[in-house]
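Novice: Okay, here's the structure, questions in a sec.
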Amino acid sequence: MSSQVCSNPSASTAPLLPHTPSRREGLQIPALPACTFFLLRPSFHHKGAQTSSPASDPQADTSVSFLPHLEAKIRQTHSLAHLLTKYAEQLLQEYVQHQGAPFGSPGFSPPRLPVAGLNAPAPGHAGLPLQERLRLDAVALAELPPLLDAVRRRQAELTPRAPRLLRRLEDAARQARALGTAVETVLAALGAAAHGPRREPAATAAGATPAPVGVFPAKLLGLRVCGLYREWVRRTEGDLGQLLPGGPA
């Protein structure tokens, strides 16, 4: 006689559900490749689904106990910022390598040229409220792509035999835009507006920062833009780290 899996015809044979880690188990987010920034899009709940409880309501807890989906999104965005911090350092080194003397010389101290529409993080940035810091991060990241594109176009004229540098500049513009969008998503989930009406990127690149006439000033400006990219990505990584459980206060 053949054995039966279930002798009770009315027994349920519902498929097993995949295991979902609890908040106590923690979330392990792998390092994100730059092309996976689309994972950072906002998620939505089904109508009627329970989204919070008195114990997990961020407004009811002054320590801001995040919902699991929000914590995962913050971790993803922080992982992306951490990855781009490494890429920004590589871009700066690659840029200096292709500019010739005196760039890269031990005694060379380039002037910090002003870049219209974008400043370095202010000395008092760390003392601002966290959401205000993230808002400033998002604004700066939105300004960077057209500036990086302008540097890439000028470098295509000055260093046409440096395809890797041109590719890094192109990637940096795209990655800055992706990180800025991800930070805005986190801010929206926290109930904070990222910034006011955004200026058109084309106007920022073409009108606010005209290309320098000479070769040396153009190289200096490109160095400054690459440096600002590194500073703001690093600053964004630090600010996002404070949202993580166990992060610095």
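Residue names in the structure tokens use chain letters A, B, ... in the order shown, residue numbers from 1 in each chain, and ligand numbers from 1 in the order shown.
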What's the 12 Å shell around Val183 of chain A, counting only C-alpha atoms, without same-chain residues fewer than 3 positions away, as a PyMOL selection string?

Specialist: chain A and resi 37+40-42+73-81+131-142+176-180+186-190+192-195+233+236-237+239-240+243

Novice: Between A:Ala162, A:Leu128, A:Leu70, A:Leu118, which is the closest to Gln97 of chain A once you count only C-alpha atoms?

Specialist: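 Once distances to Gln97 of chain A are computed over only C-alpha atoms, the minimum belongs to A:Ala162.
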
Novice: Of the residues A:Leu223, A:Arg161, A:Arg235, A:Gln155, which is the one nearest to Pro110 of chain A, using only C-alpha atoms?

Specialist: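 Answer, going by the shortest atom-to-atom distance: A:Leu223.
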
Novice: Grab the atom CA of Leu67 of chain A to atom CA of His82 of chain A distance for me, in Å with one decimal place.

Specialist: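 Result for atom CA of Leu67 of chain A versus atom CA of His82 of chain A: 22.4 Å, one decimal.
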
Novice: Choose the residue, out of A:Gln99, A:Glu94, A:Ala150, A:Ala88, that has the smallest atom-to-atom separation from Arg164 of chain A; count only C-alpha atoms.

Specialist: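 Between A:Gln99, A:Glu94, A:Ala150, A:Ala88, the residue approaching Arg164 of chain A most closely is A:Glu94.
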
Novice: Rank A:Val225, A:Ala172, A:Leu113, A:Leu244 by their smallest atom-to-atom distance to Leu83 of chain A, using only C-alpha atoms, and report the top residue only.

Specialist: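 Result for the nearest residue to Leu83 of chain A: A:Ala172.
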
Novice: Could you give me the residues within segment 80-133 of chain A that DSSP places in alpha helix (DSSP H), as a list in words?

Specialist: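 Matching residues for alpha helix (DSSP H) in segment 80-133 of chain A are Leu80, Ala81, His82, Leu83, Leu84, Thr85, Lys86, Tyr87, Ala88, Glu89, Gln90, Leu91, Leu92, Gln93, Glu94, Tyr95, Val96, Gln97, Leu130, Gln131, Glu132 and Arg133 of chain A.
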